[in-house]
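Trainee: The file below is query00.cif, mmCIF, C-alpha atoms:
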data_target
#
loop_
_atom_site.label_atom_id
_atom_site.label_comp_id
_atom_site.auth_asym_id
_atom_site.auth_seq_id
_atom_site.Cartn_x
_atom_site.Cartn_y
_atom_site.Cartn_z
CA MET A 1 7.91 25.82 51.03
CA PRO A 2 5.96 25.15 47.82
CA THR A 3 2.75 27.08 47.44
CA THR A 4 -0.65 25.66 46.55
CA ALA A 5 -0.13 26.63 42.94
CA ASP A 6 3.19 24.77 42.87
CA ARG A 7 1.54 21.61 44.15
CA SER A 8 -1.34 21.77 41.68
CA PRO A 9 -1.31 19.22 38.85
CA ARG A 10 -0.23 20.33 35.42
CA VAL A 11 -1.34 19.16 31.98
CA ASP A 12 1.44 18.53 29.45
CA ASP A 13 1.20 18.49 25.66
CA ALA A 14 0.09 14.85 25.58
CA GLY A 15 -2.95 15.42 27.78
CA LEU A 16 -1.46 13.82 30.90
CA ARG A 17 -2.27 15.32 34.26
CA LEU A 18 1.09 15.27 36.08
CA PRO A 19 2.04 16.73 39.46
CA ARG A 20 4.78 19.29 39.63
CA PRO A 21 8.27 17.96 40.39
CA PRO A 22 9.01 18.21 44.13
CA GLY A 23 11.33 20.91 45.39
CA VAL A 24 11.76 24.49 44.29
CA ILE A 25 15.51 24.12 43.74
CA ARG A 26 15.10 21.03 41.59
CA ARG A 27 12.50 22.73 39.43
CA PHE A 28 14.81 25.72 39.06
CA TRP A 29 17.70 23.58 37.79
CA ASP A 30 15.34 21.69 35.45
CA ARG A 31 14.23 24.98 33.92
CA HIS A 32 17.83 26.26 33.55
CA PRO A 33 20.03 23.36 32.37
CA VAL A 34 22.67 25.62 30.80
CA LEU A 35 23.17 27.53 34.03
CA SER A 36 23.55 24.29 35.97
CA ASP A 37 26.13 22.98 33.47
CA VAL A 38 28.15 26.19 33.72
CA LEU A 39 28.13 26.13 37.52
CA ILE A 40 29.16 22.48 37.65
CA ALA A 41 32.00 23.14 35.21
CA LEU A 42 33.18 26.16 37.23
CA VAL A 43 33.06 24.27 40.54
CA SER A 44 34.92 21.34 38.99
CA ALA A 45 37.53 23.71 37.56
CA ALA A 46 38.02 25.40 40.94
CA LEU A 47 38.50 22.05 42.70
CA SER A 48 40.76 20.77 39.95
CA PHE A 49 43.05 23.82 39.90
CA GLY A 50 43.07 23.91 43.69
CA GLY A 51 44.19 20.27 43.83
CA PHE A 52 46.88 20.92 41.26
CA ALA A 53 48.17 24.03 42.98
CA SER A 54 48.46 22.29 46.35
CA ALA A 55 50.26 19.27 44.91
CA ARG A 56 53.97 18.72 45.31
CA THR A 57 56.23 20.36 42.78
CA THR A 58 58.61 17.41 42.63
CA VAL A 59 58.43 14.91 39.81
CA GLY A 60 58.24 11.78 41.87
CA SER A 61 60.54 9.06 40.52
CA LEU A 62 61.88 11.12 37.59
CA PRO A 63 65.42 12.47 37.99
CA GLN A 64 64.39 16.10 37.64
CA THR A 65 63.75 18.06 40.78
CA SER A 66 60.84 20.02 39.33
CA PRO A 67 58.56 19.50 36.32
CA PRO A 68 59.43 21.36 33.15
CA ALA A 69 57.32 24.38 32.29
CA TRP A 70 55.91 22.75 29.17
CA VAL A 71 54.66 19.80 31.26
CA VAL A 72 52.86 22.12 33.65
CA ALA A 73 51.42 24.10 30.73
CA GLY A 74 50.22 20.91 29.10
CA ILE A 75 48.50 19.77 32.29
CA VAL A 76 46.81 23.16 32.68
CA VAL A 77 45.59 23.09 29.08
CA LEU A 78 44.29 19.55 29.60
CA MET A 79 42.44 20.65 32.75
CA LEU A 80 40.87 23.56 30.88
CA GLY A 81 39.82 21.23 28.05
CA THR A 82 38.31 18.75 30.47
CA CYS A 83 36.35 21.42 32.31
CA THR A 84 35.12 22.80 28.96
CA ALA A 85 34.02 19.30 27.93
CA LEU A 86 31.87 19.13 31.08
CA LEU A 87 29.76 21.93 29.61
CA PHE A 88 28.61 19.41 26.98
CA ARG A 89 28.27 16.47 29.33
CA ARG A 90 24.56 16.00 28.47
CA HIS A 91 25.29 15.39 24.78
CA ALA A 92 28.88 14.05 24.80
CA PRO A 93 29.63 12.59 28.26
CA LEU A 94 32.25 10.19 26.94
CA VAL A 95 34.53 13.04 25.79
CA GLY A 96 34.76 14.47 29.29
CA PHE A 97 35.49 11.05 30.77
CA VAL A 98 38.29 10.32 28.30
CA LEU A 99 39.92 13.70 29.02
CA SER A 100 39.59 13.09 32.76
CA VAL A 101 41.37 9.74 32.41
CA ALA A 102 44.10 11.41 30.35
CA LEU A 103 44.48 14.06 33.07
CA GLN A 104 44.75 11.30 35.67
CA LEU A 105 47.57 9.73 33.64
CA THR A 106 49.58 12.94 33.94
CA ALA A 107 49.67 12.36 37.69
CA ILE A 108 52.20 9.61 36.99
CA VAL A 109 54.72 12.27 35.93
CA VAL A 110 53.56 15.15 38.11
CA PRO A 111 51.68 13.94 41.18
CA HIS A 112 48.48 15.92 41.67
CA GLY A 113 44.81 15.43 42.54
CA ALA A 114 43.37 17.64 39.82
CA ALA A 115 41.63 14.76 38.04
CA VAL A 116 39.61 13.50 41.03
CA PRO A 117 36.62 15.93 40.84
CA LEU A 118 36.62 15.71 37.04
CA LEU A 119 36.53 11.91 37.14
CA VAL A 120 33.60 11.99 39.55
CA VAL A 121 31.55 14.42 37.44
CA SER A 122 32.34 12.78 34.08
CA THR A 123 31.52 9.28 35.39
CA TYR A 124 28.27 10.63 36.83
CA ALA A 125 27.42 12.16 33.44
CA LEU A 126 28.06 8.86 31.66
CA ALA A 127 25.66 6.99 33.97
CA VAL A 128 22.92 9.64 33.77
CA TYR A 129 23.01 10.71 30.13
CA ARG A 130 24.23 7.51 28.46
CA SER A 131 23.51 4.26 30.28
CA THR A 132 24.60 2.10 33.21
CA ARG A 133 26.34 -0.24 30.81
CA TRP A 134 28.42 2.53 29.27
CA CYS A 135 29.32 3.82 32.72
CA THR A 136 30.43 0.38 33.91
CA ILE A 137 32.54 -0.30 30.82
CA ALA A 138 34.15 3.13 30.92
CA ALA A 139 34.88 2.99 34.66
CA VAL A 140 36.50 -0.46 34.50
CA THR A 141 38.43 0.35 31.31
CA GLY A 142 39.62 3.73 32.59
CA THR A 143 40.76 2.36 35.95
CA ALA A 144 42.56 -0.58 34.30
CA ALA A 145 44.23 1.68 31.75
CA VAL A 146 45.49 4.15 34.37
CA THR A 147 46.73 1.33 36.60
CA GLY A 148 48.47 -0.55 33.76
CA ILE A 149 50.16 2.50 32.28
CA SER A 150 51.25 3.63 35.74
CA LEU A 151 52.76 0.21 36.45
CA VAL A 152 54.68 0.16 33.14
CA VAL A 153 56.01 3.72 33.43
CA LEU A 154 57.09 3.39 37.05
CA ALA A 155 58.62 -0.03 36.42
CA MET A 156 60.85 1.59 33.81
CA THR A 157 61.86 4.56 36.00
CA ASP A 158 61.71 3.27 39.58
CA PRO A 159 61.14 -0.51 39.80
CA GLY A 160 61.12 -0.53 43.59
CA ALA A 161 58.24 1.92 43.94
CA ALA A 162 56.30 0.72 40.89
CA LEU A 163 53.91 -1.67 42.63
CA PRO A 164 52.95 0.53 45.63
CA ALA A 165 52.56 3.59 43.43
CA SER A 166 50.44 1.68 40.92
CA ILE A 167 48.22 0.37 43.72
CA ASN A 168 47.83 3.89 45.05
CA THR A 169 46.92 5.16 41.57
CA MET A 170 44.41 2.34 41.08
CA VAL A 171 42.74 3.04 44.45
CA ASN A 172 42.61 6.77 43.79
CA THR A 173 41.16 6.35 40.30
CA GLY A 174 38.80 3.54 41.29
CA PHE A 175 37.40 5.44 44.25
CA SER A 176 36.74 8.52 42.11
CA VAL A 177 34.89 6.65 39.36
CA LEU A 178 33.06 4.52 41.94
CA VAL A 179 31.59 7.56 43.69
CA GLY A 180 30.52 9.10 40.39
CA ALA A 181 29.11 5.78 39.14
CA LEU A 182 27.06 5.04 42.28
CA VAL A 183 25.42 8.44 42.30
CA GLY A 184 25.02 8.54 38.52
CA VAL A 185 23.52 5.06 38.20
CA ASN A 186 20.97 5.85 40.89
CA VAL A 187 19.96 9.17 39.32
CA GLY A 188 20.13 7.87 35.74
CA ASN A 189 17.99 4.80 36.42
CA ARG A 190 15.40 6.96 38.14
CA ARG A 191 15.32 9.41 35.22
CA ARG A 192 15.02 6.61 32.67
CA TRP A 193 12.30 4.88 34.67
CA ILE A 194 10.27 8.10 34.92
CA ALA A 195 10.77 8.75 31.21
CA ALA A 196 9.59 5.21 30.40
CA VAL A 197 6.51 5.62 32.61
CA LEU A 198 5.64 8.95 30.97
CA ASP A 199 6.20 7.51 27.50
CA ARG A 200 3.94 4.56 28.29
CA SER A 201 1.32 6.92 29.68
CA ARG A 202 1.41 8.98 26.50
CA GLN A 203 1.02 5.80 24.46
CA LEU A 204 -1.99 4.81 26.56
CA VAL A 205 -3.53 8.25 26.07
CA ALA A 206 -2.99 7.99 22.31
CA GLU A 207 -4.44 4.46 22.25
CA ARG A 208 -7.42 5.66 24.29
CA ASP A 209 -8.09 8.43 21.78
CA GLN A 210 -7.72 6.02 18.89
CA GLN A 211 -10.11 3.54 20.49
CA ALA A 212 -12.60 6.34 21.05
CA GLU A 213 -12.34 7.37 17.40
CA LEU A 214 -12.77 3.77 16.24
CA ALA A 215 -15.77 3.32 18.52
CA ALA A 216 -17.31 6.55 17.21
CA ALA A 217 -16.72 5.46 13.61
CA ALA A 218 -18.26 2.05 14.31
CA GLU A 219 -21.26 3.70 15.96
CA ARG A 220 -21.71 6.04 13.00
CA ALA A 221 -21.57 3.08 10.63
CA ARG A 222 -24.13 1.20 12.73
CA ILE A 223 -26.49 4.18 12.79
CA ALA A 224 -26.09 4.71 9.06
CA ARG A 225 -26.79 1.02 8.42
CA GLU A 226 -29.91 1.00 10.59
CA MET A 227 -31.13 4.30 9.14
CA HIS A 228 -30.75 2.97 5.63
CA ASP A 229 -32.63 -0.24 6.43
CA ILE A 230 -35.48 1.59 8.13
CA VAL A 231 -35.84 4.56 5.79
CA ALA A 232 -35.32 2.69 2.51
CA HIS A 233 -37.88 -0.01 3.30
CA SER A 234 -40.48 2.31 4.77
CA LEU A 235 -40.22 4.94 2.03
CA THR A 236 -40.41 2.28 -0.67
CA VAL A 237 -43.60 0.89 0.84
CA ILE A 238 -45.05 4.39 1.33
CA VAL A 239 -44.28 5.36 -2.29
CA ALA A 240 -45.91 2.18 -3.59
CA LEU A 241 -49.02 2.66 -1.43
CA THR A 242 -49.45 6.32 -2.33
CA GLU A 243 -48.96 5.63 -6.03
CA GLY A 244 -51.56 2.85 -5.80
CA ALA A 245 -53.97 5.13 -3.96
CA GLY A 246 -53.59 7.79 -6.63
CA ALA A 247 -54.02 5.31 -9.49
CA THR A 248 -57.30 3.76 -8.28
CA ASP A 249 -60.79 5.23 -8.55
CA ASP A 250 -62.05 3.11 -5.66
CA VAL A 251 -62.36 5.42 -2.67
CA VAL A 252 -62.33 2.58 -0.17
CA ARG A 253 -59.16 1.01 -1.58
CA ALA A 254 -57.50 4.41 -1.84
CA ARG A 255 -58.29 5.11 1.81
CA GLU A 256 -56.95 1.70 2.84
CA ALA A 257 -53.73 2.43 0.94
CA THR A 258 -53.30 5.84 2.54
CA ASP A 259 -54.01 4.39 5.98
CA ALA A 260 -51.40 1.69 5.37
CA ALA A 261 -48.91 4.33 4.23
CA ALA A 262 -49.55 6.38 7.36
CA ALA A 263 -49.15 3.30 9.56
CA THR A 264 -45.86 2.46 7.84
CA ALA A 265 -44.62 6.01 8.32
CA ARG A 266 -45.55 5.97 12.02
CA GLN A 267 -43.80 2.63 12.49
CA ALA A 268 -40.66 3.91 10.75
CA LEU A 269 -40.71 7.07 12.87
CA GLY A 270 -40.96 5.00 16.04
CA GLU A 271 -38.07 2.78 14.98
CA MET A 272 -35.92 5.79 14.17
CA ARG A 273 -36.68 7.45 17.51
CA ALA A 274 -35.88 4.22 19.34
CA MET A 275 -32.64 3.72 17.43
CA LEU A 276 -31.43 7.30 17.95
CA GLY A 277 -32.49 7.39 21.58
CA VAL A 278 -29.03 6.23 22.70
CA LEU A 279 -27.58 9.50 21.37
CA ARG A 280 -29.60 11.68 23.71
CA THR A 281 -27.51 13.17 26.52
CA ASP A 282 -30.33 14.78 28.49
CA GLU A 283 -30.17 13.16 31.91
CA THR A 284 -33.80 14.03 32.64
CA SER A 285 -35.04 12.20 29.56
CA THR A 286 -36.21 8.61 29.78
CA PRO A 287 -34.13 6.22 27.66
CA LEU A 288 -36.02 4.79 24.73
CA ALA A 289 -36.52 1.06 24.30
CA PRO A 290 -34.24 -0.91 21.99
CA VAL A 291 -35.22 -1.37 18.36
CA ALA A 292 -37.45 -4.40 18.00
CA VAL A 293 -36.50 -7.29 15.75
CA ALA A 294 -37.94 -6.88 12.24
CA ASP A 295 -40.44 -9.71 11.75
CA PRO A 296 -40.05 -11.30 8.29
CA HIS A 297 -43.78 -12.08 8.24
CA GLU A 298 -44.63 -8.43 8.85
CA VAL A 299 -42.15 -7.31 6.17
CA VAL A 300 -43.73 -9.64 3.62
CA ALA A 301 -47.25 -8.64 4.66
CA THR A 302 -46.41 -4.95 4.26
CA ALA A 303 -45.03 -5.57 0.76
CA GLN A 304 -48.14 -7.58 -0.14
CA ARG A 305 -50.39 -4.75 1.00
CA ALA A 306 -48.42 -2.48 -1.32
CA GLY A 307 -49.34 -4.79 -4.22
CA PHE A 308 -46.12 -6.73 -4.72
CA PRO A 309 -46.12 -10.51 -5.35
CA VAL A 310 -44.10 -11.53 -2.33
CA THR A 311 -44.22 -15.01 -0.83
CA LEU A 312 -42.61 -16.36 2.34
CA THR A 313 -41.49 -19.93 2.97
CA VAL A 314 -40.19 -20.90 6.41
CA THR A 315 -38.73 -24.28 7.36
CA GLY A 316 -37.48 -25.34 10.75
CA THR A 317 -37.97 -23.87 14.21
CA PRO A 318 -36.94 -20.21 14.69
CA GLN A 319 -34.80 -20.44 17.83
CA LEU A 320 -32.07 -17.86 17.25
CA PRO A 321 -29.93 -15.57 19.38
CA ALA A 322 -31.23 -12.02 19.48
CA ALA A 323 -28.44 -10.65 17.27
CA VAL A 324 -28.96 -13.34 14.60
CA ALA A 325 -32.75 -12.88 14.65
CA PHE A 326 -32.27 -9.13 14.26
CA ALA A 327 -29.92 -9.65 11.30
CA VAL A 328 -32.37 -12.07 9.63
CA GLY A 329 -35.14 -9.49 9.86
CA ARG A 330 -32.91 -6.78 8.38
CA ILE A 331 -31.76 -9.04 5.53
CA VAL A 332 -35.34 -9.91 4.61
CA GLN A 333 -36.34 -6.26 4.87
CA GLU A 334 -33.48 -5.05 2.66
CA GLY A 335 -33.92 -7.88 0.13
CA VAL A 336 -37.64 -7.24 -0.28
CA THR A 337 -37.06 -3.47 -0.44
CA ASN A 338 -34.48 -3.87 -3.21
CA ALA A 339 -36.87 -6.07 -5.18
CA MET A 340 -39.65 -3.49 -4.77
CA ARG A 341 -37.41 -0.63 -5.86
CA HIS A 342 -35.31 -2.16 -8.62
CA ALA A 343 -37.64 -4.87 -9.98
CA PRO A 344 -41.08 -3.26 -10.20
CA GLY A 345 -42.03 -5.61 -13.03
CA ALA A 346 -41.27 -8.78 -11.09
CA THR A 347 -44.01 -11.42 -11.15
CA ARG A 348 -42.55 -13.33 -8.24
CA ILE A 349 -40.54 -12.29 -5.17
CA ALA A 350 -39.78 -15.37 -3.09
CA VAL A 351 -38.42 -15.23 0.45
CA GLN A 352 -37.10 -18.51 1.85
CA ILE A 353 -35.89 -18.89 5.44
CA ALA A 354 -34.45 -22.21 6.59
CA TYR A 355 -33.68 -22.66 10.29
CA LEU A 356 -30.97 -25.32 10.53
CA PRO A 357 -29.18 -26.80 13.56
CA GLU A 358 -25.92 -25.08 12.60
CA GLY A 359 -27.45 -21.75 11.60
CA VAL A 360 -30.05 -20.03 9.47
CA SER A 361 -30.18 -19.62 5.68
CA VAL A 362 -32.01 -16.72 4.02
CA ARG A 363 -32.66 -16.63 0.27
CA ILE A 364 -34.53 -13.89 -1.56
CA GLU A 365 -35.00 -14.03 -5.33
CA ASN A 366 -37.08 -12.23 -7.94
CA ASP A 367 -37.58 -12.60 -11.67
CA GLY A 368 -37.51 -8.89 -12.48
CA LEU A 369 -33.78 -8.77 -13.21
CA ARG A 370 -32.58 -5.61 -14.96
CA VAL A 371 -29.10 -4.55 -16.04
CA ALA A 372 -27.61 -2.43 -13.28
CA SER A 373 -26.91 1.13 -14.36
CA ALA A 374 -25.21 2.21 -11.13
CA PRO A 375 -22.84 0.59 -8.62
CA PRO A 376 -24.34 -1.22 -5.62
CA GLY A 377 -25.61 1.07 -2.89
CA TYR A 378 -25.11 1.04 0.86
CA GLY A 379 -27.83 -1.52 1.56
CA LEU A 380 -26.04 -4.64 0.38
CA ARG A 381 -22.78 -3.36 1.79
CA GLY A 382 -24.40 -2.88 5.19
CA LEU A 383 -25.93 -6.36 5.04
CA ALA A 384 -22.56 -7.87 4.17
CA GLU A 385 -20.97 -6.06 7.13
CA ARG A 386 -23.77 -7.23 9.41
CA ALA A 387 -23.36 -10.85 8.28
CA ALA A 388 -19.57 -10.72 8.60
CA HIS A 389 -19.90 -9.27 12.10
CA LEU A 390 -21.85 -12.38 13.11
CA GLY A 391 -19.42 -14.74 11.38
CA GLY A 392 -21.70 -15.41 8.42
CA THR A 393 -21.67 -14.78 4.66
CA LEU A 394 -23.86 -12.86 2.25
CA HIS A 395 -23.84 -12.87 -1.55
CA GLY A 396 -26.06 -11.08 -4.03
CA GLY A 397 -26.17 -11.06 -7.81
CA PRO A 398 -27.82 -12.40 -10.95
CA ALA A 399 -28.29 -16.15 -11.37
CA ASP A 400 -30.26 -17.93 -14.12
CA GLY A 401 -32.12 -14.80 -15.16
CA ARG A 402 -33.07 -13.90 -11.61
CA TRP A 403 -31.64 -11.74 -8.89
CA VAL A 404 -30.70 -13.82 -5.86
CA LEU A 405 -29.67 -12.64 -2.40
CA HIS A 406 -28.40 -15.45 -0.20
CA ALA A 407 -27.14 -15.21 3.37
CA HIS A 408 -26.01 -17.80 5.88
CA LEU A 409 -25.61 -16.95 9.56
CA PRO A 410 -24.19 -19.34 12.18
CA MET A 411 -26.08 -20.19 15.32
CA THR A 412 -23.10 -19.58 17.60
CA SER A 413 -23.34 -15.80 17.85
CA THR A 414 -22.69 -14.46 21.35
CA ASP A 415 -23.34 -10.81 20.55
CA PRO A 416 -25.60 -8.90 22.91
CA GLU A 417 -29.08 -7.87 21.88
CA PRO A 418 -29.14 -5.04 19.33
CA ARG A 419 -29.78 -1.57 20.65
#
Rewrite the structure of this file - the entire thing - as structure tokens.
Mentor:
Amino acid sequence: MPTTADRSPRVDDAGLRLPRPPGVIRRFWDRHPVLSDVLIALVSAALSFGGFASARTTVGSLPQTSPPAWVVAGIVVLMLGTCTALLFRRHAPLVGFVLSVALQLTAIVVPHGAAVPLLVVSTYALAVYRSTRWCTIAAVTGTAAVTGISLVVLAMTDPGAALPASINTMVNTGFSVLVGALVGVNVGNRRRWIAAVLDRSRQLVAERDQQAELAAAAERARIAREMHDIVAHSLTVIVALTEGAGATDDVVRAREATDAAAATARQALGEMRAMLGVLRTDETSTPLAPVAVADPHEVVATAQRAGFPVTLTVTGTPQLPAAVAFAVGRIVQEGVTNAMRHAPGATRIAVQIAYLPEGVSVRIENDGLRVASAPPGYGLRGLAERAAHLGGTLHGGPADGRWVLHAHLPMTSTDPEPR
């Protein structure tokens, strides 16, 4: 009786939790395939030589009264070769079957039943280790070949007994291969079905791991994109305010600038804590609220307080899905931040938002165009990914002596609210 440890599930190399195969004996043979092949070959050899030894010593319809010694020696050698071929039945089952059929053909000259156990085992091996189709073709072909050759040989030596003897040979051969085929097809189909189920399970495990890796990569990209938008904009505003506070001799204006810088830093810190709150695994902690949509008016007002000539023009009614509204705020924030960082000498930074029935158009341009000395950073790339995720487009580059950032987002987004 299997113990508790035997019944416990096991984990294979693919990460599947599988129960142990039932039965102590079956598990033993599965762990020792060579020993099982040797025992099967020895048992088959014992049955085969026993059937040959107990057979008649007459030669049937041939005129001799006893078979020649070389015929008996040939049959014995063929039996030994067939039994040896059964040792390799897992890798070459067809060889053993062909030798078993050849041994059955010798029964036409010297009647014996030595081939019966070998036919059963070799047919079983074909069905289990090759396929049902191969087993069927081999069984039908082997039976037909033995029957046809028997009919021809006996018709030439003893026409009167040819038909009954051929029928007897056909029944004997057909019954042997039928028994081996029925058992082998049942066992082989079960083995192949289990192997297919395990292979599919391993594929599902691999696909699950791949999906988890893709989800983790997408989440890292999202966090990096949000971090860039928050940190870049806030630090740019803070740098501008602190530089303005240090450059002025007016104490009141310097204090207002430092207060605005502190407020911007606190706002950025709150947004970062809210955005990263989903990564906390402490069950006792309270989940943080989702990141609020960046208001274009607030973005422009913050830039104006930092001393930049930013204007905002809005047309239409702002009735957008949450994901589209969030993307619009981030695009305005990144566009204004880029103008503040890379075009400090701009005399005009214009933000235009047009709410249309089919979507929303965002255009940000400044007249402080400078020749780029470095490749584009992560900001524009993140905005392009954000727009593409919503089915929209985003383009940025010089145009007529100005730097223009233009985005168009459709109104049909069905994405959930941003976290």
Trainee: Any idea what's packed within 10 Å of range 384-389 of chain A, counting only C-alpha atoms, ignoring anything in its chain fewer than 3 positions away? Could you give it as a PDB file with C-alpha atoms, in the frame of the given file?
Mentor:
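As a result, selection24.pdb now contains:
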ATOM      1  CA  ALA A 221     -21.570   3.080  10.630  1.00  0.00           C
ATOM      2  CA  ARG A 222     -24.130   1.200  12.730  1.00  0.00           C
ATOM      3  CA  ARG A 225     -26.790   1.020   8.420  1.00  0.00           C
ATOM      4  CA  ALA A 323     -28.440 -10.650  17.270  1.00  0.00           C
ATOM      5  CA  VAL A 324     -28.960 -13.340  14.600  1.00  0.00           C
ATOM      6  CA  PHE A 326     -32.270  -9.130  14.260  1.00  0.00           C
ATOM      7  CA  ALA A 327     -29.920  -9.650  11.300  1.00  0.00           C
ATOM      8  CA  VAL A 328     -32.370 -12.070   9.630  1.00  0.00           C
ATOM      9  CA  ARG A 330     -32.910  -6.780   8.380  1.00  0.00           C
ATOM     10  CA  ILE A 331     -31.760  -9.040   5.530  1.00  0.00           C
ATOM     11  CA  TYR A 378     -25.110   1.040   0.860  1.00  0.00           C
ATOM     12  CA  GLY A 379     -27.830  -1.520   1.560  1.00  0.00           C
ATOM     13  CA  LEU A 380     -26.040  -4.640   0.380  1.00  0.00           C
ATOM     14  CA  ARG A 381     -22.780  -3.360   1.790  1.00  0.00           C
ATOM     15  CA  GLY A 392     -21.700 -15.410   8.420  1.00  0.00           C
ATOM     16  CA  THR A 393     -21.670 -14.780   4.660  1.00  0.00           C
ATOM     17  CA  LEU A 394     -23.860 -12.860   2.250  1.00  0.00           C
ATOM     18  CA  HIS A 395     -23.840 -12.870  -1.550  1.00  0.00           C
ATOM     19  CA  GLY A 396     -26.060 -11.080  -4.030  1.00  0.00           C
ATOM     20  CA  ALA A 407     -27.140 -15.210   3.370  1.00  0.00           C
ATOM     21  CA  HIS A 408     -26.010 -17.800   5.880  1.00  0.00           C
ATOM     22  CA  LEU A 409     -25.610 -16.950   9.560  1.00  0.00           C
ATOM     23  CA  PRO A 410     -24.190 -19.340  12.180  1.00  0.00           C
ATOM     24  CA  SER A 413     -23.340 -15.800  17.850  1.00  0.00           C
ATOM     25  CA  ASP A 415     -23.340 -10.810  20.550  1.00  0.00           C
TER      26      ASP A 415
END
Trainee: Restricting the calculation to all atoms listed in the file: of A:Asn338, A:Ala294, A:Gly142, A:Ala346, which residue gets closest to Gly397 in chain A?
Mentor: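 Checking each candidate against Gly397 in chain A, we get A:Asn338 as the closest.
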Trainee: Using the chain letters and residue numbers of this document, give as a list in words the residues selected by the PyMOL selection byres ((chain A and resi 94-99) around 7).
Mentor: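 The output of the PyMOL selection byres ((chain A and resi 94-99) around 7) on this file is Thr82, Ala85, Leu86, Arg89, Ala92, Pro93, Ser100, Val101, Ala102, Leu103, Leu119, Ser122, Thr123 and Leu126 of chain A.
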Trainee: For the file shown, report as a ChimeraX atom specification the outcome of the PyMOL selection byres ((chain A and resi 76-80) around 10) at residue level.
Mentor: /A:41,44-45,48-49,52,70-75,81-85,99-100,102-103,106,114-115,118
Trainee: Considering all atoms listed in the file, can you say which of A:Asp259, A:Asp209, A:Asp367, A:Asp249 comes closest to Ala306 in chain A?
Mentor: A:Asp259
Trainee: Of the candidates A:Ala155, A:Val197, A:Leu214, A:Val237, which one gets nearest to Thr302 in chain A if we count all atoms listed in the file?
Mentor: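 Ranking A:Ala155, A:Val197, A:Leu214, A:Val237 by distance to Thr302 in chain A, first place goes to A:Val237.
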Trainee: Calculate how many Å separate CA of Val152 in chain A from CA of Gly113 in chain A, rounding to one decimal.
Mentor: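 Spanning CA of Val152 in chain A to CA of Gly113 in chain A is a straight-line distance of 20.5 Å.
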Trainee: In Å, how far is it from CA of Ala139 in chain A to CA of Pro117 in chain A?
Mentor: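 Pair CA of Ala139 in chain A / CA of Pro117 in chain A returns 14.4 Å.
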Trainee: Could you spell out the hits of the PyMOL selection byres ((chain A and resi 124) around 9) on the shown file, as a JSON list (two decimals) with C-alpha atoms, in the coordinates of the input?
Mentor:
[["chain", "number", "residue", "atom", "x", "y", "z"],
["A", 93, "PRO", "CA", 29.63, 12.59, 28.26],
["A", 119, "LEU", "CA", 36.53, 11.91, 37.14],
["A", 120, "VAL", "CA", 33.60, 11.99, 39.55],
["A", 121, "VAL", "CA", 31.55, 14.42, 37.44],
["A", 122, "SER", "CA", 32.34, 12.78, 34.08],
["A", 123, "THR", "CA", 31.52, 9.28, 35.39],
["A", 125, "ALA", "CA", 27.42, 12.16, 33.44],
["A", 126, "LEU", "CA", 28.06, 8.86, 31.66],
["A", 127, "ALA", "CA", 25.66, 6.99, 33.97],
["A", 128, "VAL", "CA", 22.92, 9.64, 33.77],
["A", 129, "TYR", "CA", 23.01, 10.71, 30.13],
["A", 135, "CYS", "CA", 29.32, 3.82, 32.72],
["A", 177, "VAL", "CA", 34.89, 6.65, 39.36],
["A", 179, "VAL", "CA", 31.59, 7.56, 43.69],
["A", 180, "GLY", "CA", 30.52, 9.10, 40.39],
["A", 181, "ALA", "CA", 29.11, 5.78, 39.14],
["A", 182, "LEU", "CA", 27.06, 5.04, 42.28],
["A", 183, "VAL", "CA", 25.42, 8.44, 42.30],
["A", 184, "GLY", "CA", 25.02, 8.54, 38.52],
["A", 185, "VAL", "CA", 23.52, 5.06, 38.20],
["A", 187, "VAL", "CA", 19.96, 9.17, 39.32],
["A", 188, "GLY", "CA", 20.13, 7.87, 35.74]]
Trainee: Pick the closest to Thr242 in chain A from A:Ala144, A:Met227, A:Ala265, A:Ala339: which is it, counting all atoms listed in the file?
Mentor: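 Closest to Thr242 in chain A of all the choices is A:Ala265.
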Trainee: Nearest to Gly359 in chain A: which of A:Gln267, A:Gln211, A:Gln319, A:Thr248 is it, counting all atoms listed in the file?
Mentor: A:Gln319
Trainee: One decimal, Å: what's the distance from CA of Pro357 in chain A over to CA of Val314 in chain A, could you say?
Mentor: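 Here the two named atoms are 14.4 Å from each other.
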Trainee: Tell me, as a CSV table (one decimal) with C-alpha atoms, keeping the file's coordinate frame, which residues lie within 12 Å of Gly345 in chain A, counting only C-alpha atoms; anything in the same chain fewer than 6 positions away does not count.
Mentor:
chain,number,residue,atom,x,y,z
A,307,GLY,CA,-49.3,-4.8,-4.2
A,308,PHE,CA,-46.1,-6.7,-4.7
A,309,PRO,CA,-46.1,-10.5,-5.4
A,339,ALA,CA,-36.9,-6.1,-5.2
A,366,ASN,CA,-37.1,-12.2,-7.9
A,367,ASP,CA,-37.6,-12.6,-11.7
A,368,GLY,CA,-37.5,-8.9,-12.5
A,369,LEU,CA,-33.8,-8.8,-13.2
A,370,ARG,CA,-32.6,-5.6,-15.0
Trainee: Using all atoms listed in the file, find the one residue out of A:Met340, A:Leu405, A:Ile108, A:Val146 that sits nearest to Leu241 in chain A.
Mentor: A:Met340
